[in-house]
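Some notes on the structure that comes next.
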Amino acid sequence: MEEWFEETAREIRREIRRLVREFEELLRPIIDTETGEVEPLYEVLKRPDKVIIRVDLPGVRREDIEVYRTEDRITVRAKMGNPLNLCDIPVYSGCEIRGYRLDLELPPNVDTENIQAFYRKGYLEITLPRRKAYRVKVE
């Protein structure tokens, strides 16, 4: 009974941390006026054998894309060929979008050593295979 309670408490703490992270993400500004970067549209597909991250990067050339990874995060940065000037929009007066930046926390059990990334016509797809679980023989 005590073990069940401890595991349930750990699960609740994990869920609270996840919800706080999601809430903080909602409060982040869409445009970083200092760097001129905007967060691109993206989707994360979780499959049993892999995780696929699809990112829209219109106006970018392949050689202007950088993908960085750590054990638990992936960052995509890309420079636009022609910056987008937002001087006509009063809220963003004087702001120019020069690129994209996406910073995501990776789900658990992905193999960060075997990432594949493909870019075609403004569309980046990153595939991260899941780590395999191995059964341990108990003697």
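A note on labels: chains of the structure tokens are A, B, ... as shown, every chain counts residues from 1, and ligands are counted from 1 in their shown order.
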Considering only C-alpha atoms, give me a table of residues in segment 56-92 of chain A that are at most 12 Å from segment 110-122 of chain A, with the closest atom pair and distance in Å for each, as JSON lines.
{"residue": "A:Asp56", "atom": "CA", "partner": "A:Gly122", "partner_atom": "CA", "distance": 6.0}
{"residue": "A:Leu57", "atom": "CA", "partner": "A:Gly122", "partner_atom": "CA", "distance": 4.8}
{"residue": "A:Pro58", "atom": "CA", "partner": "A:Gly122", "partner_atom": "CA", "distance": 4.4}
{"residue": "A:Gly59", "atom": "CA", "partner": "A:Gly122", "partner_atom": "CA", "distance": 6.6}
{"residue": "A:Val60", "atom": "CA", "partner": "A:Gly122", "partner_atom": "CA", "distance": 6.4}
{"residue": "A:Arg61", "atom": "CA", "partner": "A:Gly122", "partner_atom": "CA", "distance": 7.9}
{"residue": "A:Arg62", "atom": "CA", "partner": "A:Tyr119", "partner_atom": "CA", "distance": 6.5}
{"residue": "A:Glu63", "atom": "CA", "partner": "A:Tyr119", "partner_atom": "CA", "distance": 9.9}
{"residue": "A:Asp64", "atom": "CA", "partner": "A:Tyr119", "partner_atom": "CA", "distance": 11.0}
{"residue": "A:Ile65", "atom": "CA", "partner": "A:Tyr119", "partner_atom": "CA", "distance": 9.0}
{"residue": "A:Glu66", "atom": "CA", "partner": "A:Ala117", "partner_atom": "CA", "distance": 10.4}
{"residue": "A:Val67", "atom": "CA", "partner": "A:Ala117", "partner_atom": "CA", "distance": 8.5}
{"residue": "A:Tyr68", "atom": "CA", "partner": "A:Thr112", "partner_atom": "CA", "distance": 10.4}
{"residue": "A:Arg69", "atom": "CA", "partner": "A:Thr112", "partner_atom": "CA", "distance": 7.2}
{"residue": "A:Thr70", "atom": "CA", "partner": "A:Thr112", "partner_atom": "CA", "distance": 7.3}
{"residue": "A:Glu71", "atom": "CA", "partner": "A:Thr112", "partner_atom": "CA", "distance": 6.3}
{"residue": "A:Asp72", "atom": "CA", "partner": "A:Thr112", "partner_atom": "CA", "distance": 8.4}
{"residue": "A:Arg73", "atom": "CA", "partner": "A:Thr112", "partner_atom": "CA", "distance": 9.3}
{"residue": "A:Ile74", "atom": "CA", "partner": "A:Thr112", "partner_atom": "CA", "distance": 9.2}
{"residue": "A:Val76", "atom": "CA", "partner": "A:Ala117", "partner_atom": "CA", "distance": 10.8}
{"residue": "A:Ala78", "atom": "CA", "partner": "A:Gly122", "partner_atom": "CA", "distance": 10.8}
{"residue": "A:Lys79", "atom": "CA", "partner": "A:Gly122", "partner_atom": "CA", "distance": 12.0}
{"residue": "A:Met80", "atom": "CA", "partner": "A:Gly122", "partner_atom": "CA", "distance": 10.6}
{"residue": "A:Gly81", "atom": "CA", "partner": "A:Gly122", "partner_atom": "CA", "distance": 11.7}
Now that the selection is made, can you save its residues with C-alpha atoms as a PDB file, in the first residue's frame?
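See part.pdb below for the written result:
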ATOM      1  CA  ASP A  56       7.106  24.701 -41.183  1.00  0.00           C
ATOM      2  CA  LEU A  57      10.028  26.926 -42.243  1.00  0.00           C
ATOM      3  CA  PRO A  58       8.871  28.984 -45.243  1.00  0.00           C
ATOM      4  CA  GLY A  59      11.424  31.286 -46.850  1.00  0.00           C
ATOM      5  CA  VAL A  60      14.425  29.276 -45.615  1.00  0.00           C
ATOM      6  CA  ARG A  61      17.195  27.487 -47.490  1.00  0.00           C
ATOM      7  CA  ARG A  62      18.516  24.100 -46.328  1.00  0.00           C
ATOM      8  CA  GLU A  63      21.971  25.512 -45.560  1.00  0.00           C
ATOM      9  CA  ASP A  64      20.436  28.125 -43.224  1.00  0.00           C
ATOM     10  CA  ILE A  65      18.924  25.510 -40.868  1.00  0.00           C
ATOM     11  CA  GLU A  66      20.631  24.406 -37.663  1.00  0.00           C
ATOM     12  CA  VAL A  67      19.379  21.567 -35.456  1.00  0.00           C
ATOM     13  CA  TYR A  68      20.867  21.110 -31.987  1.00  0.00           C
ATOM     14  CA  ARG A  69      20.078  18.321 -29.564  1.00  0.00           C
ATOM     15  CA  THR A  70      20.795  17.353 -25.987  1.00  0.00           C
ATOM     16  CA  GLU A  71      19.528  14.363 -24.044  1.00  0.00           C
ATOM     17  CA  ASP A  72      16.180  16.024 -23.324  1.00  0.00           C
ATOM     18  CA  ARG A  73      15.808  18.990 -25.721  1.00  0.00           C
ATOM     19  CA  ILE A  74      15.942  19.784 -29.414  1.00  0.00           C
ATOM     20  CA  VAL A  76      15.813  24.309 -34.469  1.00  0.00           C
ATOM     21  CA  ALA A  78      16.759  28.937 -39.270  1.00  0.00           C
ATOM     22  CA  LYS A  79      17.511  32.232 -41.035  1.00  0.00           C
ATOM     23  CA  MET A  80      15.083  33.633 -43.580  1.00  0.00           C
ATOM     24  CA  GLY A  81      16.429  34.602 -46.980  1.00  0.00           C
TER      25      GLY A  81
END
How would you write, as a PyMOL selection string, the set of residues in chain A that DSSP gives as strand (DSSP E)?
chain A and resi 31-32+37-38+42-46+50-56+60-69+73-85+96-105+116-120+123-129
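What separates atom CA of Val55 of chain A from atom CA of Tyr100 of chain A is a distance of 10.1 Å.
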Go through A:Arg54, A:Arg17, A:Arg77, A:Arg98 and flag the residue nearest Tyr123 of chain A, using only C-alpha atoms for the distances.
A:Arg54
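Atom CA of Asn82 of chain A is positioned 12.4 Å from atom CA of Gly36 of chain A.
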Considering only C-alpha atoms, state which residue in the set A:Ile97, A:Leu124, A:Leu106, A:Ile12 is at the smallest distance from Glu37 of chain A.
A:Ile97
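Comparing A:Arg13, A:Pro40, A:Glu34, A:Phe5 by their smallest distance to Leu104 of chain A, the closest is A:Pro40 (using only C-alpha atoms).
Every protein or nucleic acid residue with an atom no more than 9 Å from segment 49-52 of chain A, counting only C-alpha atoms and leaving out same-chain residues fewer than 2 positions away, appears here: Glu43, Val44, Leu45, Lys46, Arg47, Arg54, Leu106, Pro107, Val110, Asp111, Glu125, Ile126, Thr127, Leu128, Pro129, Arg130, Arg131 and Lys132 of chain A.
We find atom CA of Glu7 of chain A and atom CA of Pro108 of chain A to be spaced 17.8 Å apart.
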Looking only at the backbone, which of the residues in chain A does DSSP tag as alpha helix (DSSP H), as number ranges by chain?
A: 2-27
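Counting only C-alpha atoms, the residue from A:Pro83, A:Thr8, A:Leu41, A:Arg135 that sits nearest to Ile53 of chain A is A:Leu41.
Compared by their closest atoms to Thr35 of chain A, and using only C-alpha atoms, the residues A:Pro48, A:Arg101, A:Val136, A:Asn85 rank with A:Arg101 nearest.
Using only C-alpha atoms, the shortest contact distance between Glu96 of chain A and any of A:Val138, A:Leu84, A:Ala9, A:Val38 is found at A:Leu84.
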